[in-house]
Every structure is written in C-alpha cells, then in structure tokens.
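Have a look at the structure below, then the notes.
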Amino acid sequence: MNSVFDPTEYDSQENVPKQFQQPIRAYMGRKLDNTNLEDVSYIPNSHLRLWYNNDTVAYAEHHHDAAEIIYVQENVYPVRINDVTYTLNQGDILYIPPNVPHMLLGGTGIRFILLLDLSPLSVYSEFNANASFTLKPQFLQSAQHTTAYQIVRKTYDQIIEIYFKSELMWEFQIFTCLMEMFTRLAQQNFSSTQNFNPSGGSSSIVNHEKFSSLLTYIDQNYHEDLTLEKAADYVGFSKFHFLRLFKEFTGFTFHEYVIRKRIHAAERLLATPKSITDIAFETGFNSINAFSRSFRQITGMSPTEYRDKKDKYNDYGFSQSIIL
C-alpha cells in the first residue's frame, strides 16, 4: 500500500488533462473530519462531483452519505471495503453504497471517481426496485461483460462526456442518464423472476407496485416494530408467499433488508454525539447486544470501532485537519 501522502497534491489539477479539469473551480478537495466522515464537495447547487484521478497515494479509510462509483481507465486500482479488497483492472467499475467505510489503496494509473447523492432518485418509490444493486458493493468486471456491466459502463461514459462539457442543464442530463440506467438494471434483474417479470402482465405490475410501496413504508418506519406479519399484511399475502416474493424483489430476506436499513441509519447517527445505546433504540433495535451484533455483521466492525475513527485515522499518519 502506498502510504506517502501530500495534501497539497491531492486532487491537484496540474497533472490533469485540460479536457478533464473541473469545469467549476469552487472545489477545495476532499475533506475528512476526525471521525473519517467526509464532507462531500459536490458541484455547488448540485448532487454530484466527478473527477479524473491519477494520484498514486493511498486515501485513508473514510465514509460519506454519497454513493461512490470508481471506473478504472488505466492500470489497476485496489479498494478495500471492510475486510474485502477489490482489485480493479482497466475497464472495471466498483459501486460503493452510501455510508460504507472504504479505503482507496493507491497506485499508478488513471480512474474516474463519482460521488453521487442518491436522494433525488430515492423520492421515487420505484427506485427501491434497485435494492439488490444499491444496498451492497457491486464489482462489475469488464472481462465478464455482463449485461449489468454494459449498462453501467455505457451510462458512466455518457456522464463523463456531459460533466466535462458543462453545458446548460448538465446535471439534469446526468440524472436523466442515471434514471435510465437504474430502470434498465431493474428490468434486467426482474426479467429472470417469476412474479416481477416486466413481460408478466398485470399481475407482475401489481406485485411491483405493492412491494415498491412496502419498501417506501420500511424506509420511513424502520425504527418501528416491523414484524413479518405486518409486512405480509401490508401487501396482502400469506407469510409464506410473502417471504418468497420479498426475496425475489429485493435480493434480501425481509429480516436482512430491515436490518440493513437500520444499520445504515445508525451509521449516519454515529457521526453525531448521541450515545450508542440511544442510537440502538432510535433505529429500532430492542437491545444494545442485538444492535452491536447486527452492526458487526453488516459493517465488519462494532459500533464503537466504527465511531472511534480518530485513533485509527492517526495510525495511518494523517492529521485531523487533513484534506484527503
């Protein structure tokens, strides 16, 4: 791992080809607070930031409320998420969900890095149809050339072109591309299902509407006592039938999905001064032990370890005020 770090060089535009320099210069680099929470520097009045990156340095473990999508153009680029290291080769794409701690291990080469606020898309209940993609890391490899890879790569190429041209309505154009991408990903995913296949007729449409509505309900009420019985009743199916359809729709069991929603909410709250006990109960857990156990299963660390980033941060030789 490359460990030499000069904050004056990170995100410098000096070695960036002219056509890939930031179109809007109100940008001071990537900044972390003493909990390794990144204050994302989006383009002003927008929901994203894309940059051409050819730095060789390693970037400290960090997290943020933006999704991160890395697209390698040249050489290899290793990224560690919890205990898993993904080695991206030329053409590979890695999607990192919001609030997931990760570390960029550095190396020579070229890659594009997109930080994306998903909230403009999440206002649509149908966006939940992408839960199986958006809630966990996705490693899309060019060598495998899957349909999902082709969809995402085509969209990323479009985003790069639109972003650096910086023409009128550029962000609207990019989100149009993203909406098309997530639509195609969901359709491609559901095409192999029995009960949500787009060509399945009216019953598939009804099932899709019911489960999209249910996921919106869970998003808004994850802190409540969300039982299997309540969820099955919400969509009007028996518990047995509901469990099978929920897994088919989301890629997760009902319990797994609710736990992930609660843990993602807890990750945000752990960046605040609230006590871990208060966070556990505020996010719907009935005991601190259940919260800690679930948190470790999802993130690979305890809530205390997640919060206590400062000491680990300094172990890498970085100061609290560093610009990453």
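Numbering starts fresh at 1 for the residues of each chain in the structure tokens, the chains themselves are lettered A, B, ... in the order given, and ligands are numbered from 1 as they appear.
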Give me, as CSV, each residue of segment 275-313 of chain A that comes within 10 Å of segment 217-240 of chain A, together with its shortest interatomic pair and the distance in Å at one decimal, counting only C-alpha atoms, with rows ordered by chain and rising residue number.
residue,atom,partner,partner_atom,distance
A:Ala280,CA,A:His223,CA,9.5
A:Phe281,CA,A:His223,CA,7.9
A:Glu282,CA,A:His223,CA,6.3
A:Thr283,CA,A:His223,CA,4.5
A:Gly284,CA,A:His223,CA,3.8
A:Phe285,CA,A:His223,CA,7.6
A:Asn286,CA,A:Asp225,CA,9.2
Suppose we keep C-alpha atoms; can you now write the selection as an mmCIF file, in the first residue's frame?
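Written output follows (result01.cif):
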data_model
loop_
_atom_site.group_PDB
_atom_site.id
_atom_site.type_symbol
_atom_site.label_atom_id
_atom_site.label_comp_id
_atom_site.auth_asym_id
_atom_site.auth_seq_id
_atom_site.Cartn_x
_atom_site.Cartn_y
_atom_site.Cartn_z
ATOM 1 C CA ALA A 280 -29.568 1.434 19.031
ATOM 2 C CA PHE A 281 -33.081 2.087 20.312
ATOM 3 C CA GLU A 282 -33.666 5.023 17.984
ATOM 4 C CA THR A 283 -33.026 2.806 14.960
ATOM 5 C CA GLY A 284 -35.413 0.052 16.046
ATOM 6 C CA PHE A 285 -33.238 -2.430 17.960
ATOM 7 C CA ASN A 286 -34.615 -3.778 21.229
#
* Write out as number ranges by chain which residues come within 10 Å of segment 124-131 of chain A when counting only C-alpha atoms, dropping same-chain ones fewer than 3 positions away. => A: 118-121, 134-136, 179, 182-187, 189-190, 208-209, 211-217, 219, 249-252, 257
* To do: Find the spatial neighbours of Ser46 of chain A, counting only C-alpha atoms, within a cut-off of 12 Å - ignore same-chain residues fewer than 2 positions away - and output them as a list of chain:residue names.
  =>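 Listed by chain and then number, they are A:Ile24, A:Val40, A:Ser41, A:Tyr42, A:Ile43, A:Pro44, A:Leu48, A:Arg49, A:Leu50, A:Leu115, A:Leu116, A:Asp117, A:Leu118, A:Ser119, A:Pro120, A:Tyr163, A:Met169, A:Trp170, A:Glu171, A:Phe172, A:Ile174, A:Phe175.
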Selection export as a PDB file, in the first residue's frame, atoms kept: C-alpha atoms:
ATOM      1  CA  ILE A  24     -16.431  24.618 -11.912  1.00  0.00           C
ATOM      2  CA  VAL A  40     -18.616  15.831   0.202  1.00  0.00           C
ATOM      3  CA  SER A  41     -17.709  18.740  -2.036  1.00  0.00           C
ATOM      4  CA  TYR A  42     -20.400  18.483  -4.669  1.00  0.00           C
ATOM      5  CA  ILE A  43     -20.539  20.970  -7.515  1.00  0.00           C
ATOM      6  CA  PRO A  44     -22.330  23.953  -5.886  1.00  0.00           C
ATOM      7  CA  LEU A  48     -22.653  15.102  -7.544  1.00  0.00           C
ATOM      8  CA  ARG A  49     -18.963  15.562  -8.174  1.00  0.00           C
ATOM      9  CA  LEU A  50     -16.890  13.672 -10.738  1.00  0.00           C
ATOM     10  CA  LEU A 115     -19.618  10.843  -5.689  1.00  0.00           C
ATOM     11  CA  LEU A 116     -23.376  10.791  -6.070  1.00  0.00           C
ATOM     12  CA  ASP A 117     -26.220  11.873  -3.809  1.00  0.00           C
ATOM     13  CA  LEU A 118     -28.984   9.330  -4.405  1.00  0.00           C
ATOM     14  CA  SER A 119     -31.714  11.313  -2.641  1.00  0.00           C
ATOM     15  CA  PRO A 120     -33.091  12.911  -5.855  1.00  0.00           C
ATOM     16  CA  TYR A 163     -19.958  16.520 -16.941  1.00  0.00           C
ATOM     17  CA  MET A 169     -28.743  21.648 -17.844  1.00  0.00           C
ATOM     18  CA  TRP A 170     -25.740  19.351 -17.359  1.00  0.00           C
ATOM     19  CA  GLU A 171     -26.920  17.892 -14.028  1.00  0.00           C
ATOM     20  CA  PHE A 172     -30.418  17.270 -15.344  1.00  0.00           C
ATOM     21  CA  ILE A 174     -26.793  13.270 -15.965  1.00  0.00           C
ATOM     22  CA  PHE A 175     -29.733  12.339 -13.752  1.00  0.00           C
TER      23      PHE A 175
END
* Would you kindly return, as an MDAnalysis selection string, each protein, DNA or RNA residue with an atom no farther than 7 Å from any atom of segment 89-96 of chain A, considering only C-alpha atoms and excluding same-chain residues fewer than 2 positions away? => chainID A and resid 67:77 87 98 100 137:142
For the selection just defined, write its residues with N, CA, C and O atoms to a file, as a tab-separated table (two decimals), in the first residue's frame.
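The file below, result.tsv, is the result:
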chain	number	residue	atom	x	y	z
A	67	ALA	N	-23.09	7.84	-2.61
A	67	ALA	CA	-22.62	6.63	-3.26
A	67	ALA	C	-21.35	6.98	-4.02
A	67	ALA	O	-21.19	8.11	-4.51
A	68	GLU	N	-20.42	6.06	-4.10
A	68	GLU	CA	-19.17	6.28	-4.83
A	68	GLU	C	-19.04	5.24	-5.93
A	68	GLU	O	-19.24	4.04	-5.69
A	69	ILE	N	-18.72	5.69	-7.13
A	69	ILE	CA	-18.57	4.77	-8.26
A	69	ILE	C	-17.21	5.04	-8.91
A	69	ILE	O	-16.96	6.13	-9.40
A	70	ILE	N	-16.35	4.03	-8.89
A	70	ILE	CA	-14.98	4.15	-9.41
A	70	ILE	C	-14.89	3.39	-10.73
A	70	ILE	O	-15.33	2.25	-10.83
A	71	TYR	N	-14.32	4.03	-11.73
A	71	TYR	CA	-14.24	3.48	-13.08
A	71	TYR	C	-12.79	3.59	-13.54
A	71	TYR	O	-12.28	4.69	-13.77
A	72	VAL	N	-12.08	2.47	-13.63
A	72	VAL	CA	-10.65	2.47	-13.93
A	72	VAL	C	-10.42	2.56	-15.44
A	72	VAL	O	-11.01	1.80	-16.22
A	73	GLN	N	-9.53	3.48	-15.82
A	73	GLN	CA	-9.20	3.69	-17.22
A	73	GLN	C	-7.86	3.09	-17.61
A	73	GLN	O	-7.64	2.69	-18.75
A	74	GLU	N	-6.94	3.03	-16.64
A	74	GLU	CA	-5.59	2.58	-16.94
A	74	GLU	C	-4.97	1.97	-15.70
A	74	GLU	O	-5.11	2.49	-14.60
A	75	ASN	N	-4.30	0.82	-15.88
A	75	ASN	CA	-3.61	0.12	-14.81
A	75	ASN	C	-4.62	-0.49	-13.83
A	75	ASN	O	-5.78	-0.69	-14.17
A	76	VAL	N	-4.17	-0.77	-12.60
A	76	VAL	CA	-5.05	-1.39	-11.61
A	76	VAL	C	-5.25	-0.44	-10.44
A	76	VAL	O	-4.46	0.47	-10.21
A	77	TYR	N	-6.33	-0.67	-9.68
A	77	TYR	CA	-6.65	0.21	-8.56
A	77	TYR	C	-7.34	-0.61	-7.47
A	77	TYR	O	-8.50	-0.99	-7.61
A	87	THR	N	-9.66	-5.61	-6.53
A	87	THR	CA	-8.60	-5.13	-7.41
A	87	THR	C	-9.21	-4.82	-8.77
A	87	THR	O	-9.55	-5.72	-9.54
A	98	PRO	N	-23.74	4.27	-0.03
A	98	PRO	CA	-23.54	5.33	0.95
A	98	PRO	C	-23.24	4.76	2.34
A	98	PRO	O	-23.72	3.68	2.70
A	100	VAL	N	-20.74	3.38	3.69
A	100	VAL	CA	-19.92	2.17	3.84
A	100	VAL	C	-18.45	2.57	3.95
A	100	VAL	O	-17.91	3.19	3.03
A	137	PRO	N	-22.00	-3.46	-2.07
A	137	PRO	CA	-21.00	-3.17	-3.11
A	137	PRO	C	-21.22	-4.03	-4.35
A	137	PRO	O	-21.62	-5.19	-4.27
A	138	GLN	N	-20.96	-3.41	-5.50
A	138	GLN	CA	-21.10	-4.11	-6.78
A	138	GLN	C	-19.78	-3.99	-7.55
A	138	GLN	O	-19.35	-2.88	-7.88
A	139	PHE	N	-19.17	-5.13	-7.81
A	139	PHE	CA	-17.91	-5.16	-8.56
A	139	PHE	C	-18.23	-5.65	-9.97
A	139	PHE	O	-18.52	-6.83	-10.18
A	140	LEU	N	-18.20	-4.73	-10.93
A	140	LEU	CA	-18.55	-5.04	-12.31
A	140	LEU	C	-17.27	-5.12	-13.12
A	140	LEU	O	-16.57	-4.12	-13.30
A	141	GLN	N	-16.96	-6.30	-13.61
A	141	GLN	CA	-15.68	-6.54	-14.27
A	141	GLN	C	-15.85	-6.57	-15.79
A	141	GLN	O	-16.73	-7.24	-16.33
A	142	SER	N	-14.94	-5.87	-16.46
A	142	SER	CA	-15.02	-5.78	-17.92
A	142	SER	C	-14.83	-7.15	-18.57
A	142	SER	O	-15.42	-7.44	-19.61
* DSSP helix (DSSP H, G or I) selection over segment 37-263 of chain A, as a PyMOL selection string -> chain A and resi 119-122+125-134+147-165+170-190+202-221+228-235+239-250+254-263
* To do: Go through A:Thr147, A:Cys177, A:Arg80, A:Val16 and flag the residue nearest Glu161 of chain A, using only C-alpha atoms for the distances.
  => A:Cys177
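Coordinates place atom CA of Thr108 of chain A at a distance of 18.8 Å from atom CA of Gln21 of chain A.
The space between atom CA of Glu305 of chain A and atom CA of Asp278 of chain A spans 16.6 Å.
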* Write out as an MDAnalysis selection string each polymer residue whose atoms come within 8 Å of Thr304 of chain A, counting only C-alpha atoms; drop sequence neighbours fewer than 3 positions from it. => chainID A and resid 276 307:308
Please write the residues from the selection above to a file, keeping C-alpha atoms, as a JSON list (two decimals), in the first residue's frame.
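Writing done, so here's again.json:
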[["chain", "number", "residue", "atom", "x", "y", "z"],
["A", 276, "ILE", "CA", -24.56, 4.22, 21.13],
["A", 307, "ARG", "CA", -17.22, 5.64, 15.75],
["A", 308, "ASP", "CA", -13.70, 5.56, 17.10]]
* Asked: Among segment 99-145 of chain A, which residues carry a DSSP assignment of strand (DSSP E or B), reported as a VMD selection string?
  -> chain A and resid 102 to 104 110 to 116 138 to 140
* Quick one, how far is atom CA of Leu178 of chain A from atom CA of Lys154 of chain A? ->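 It comes out at 10.6 Å.
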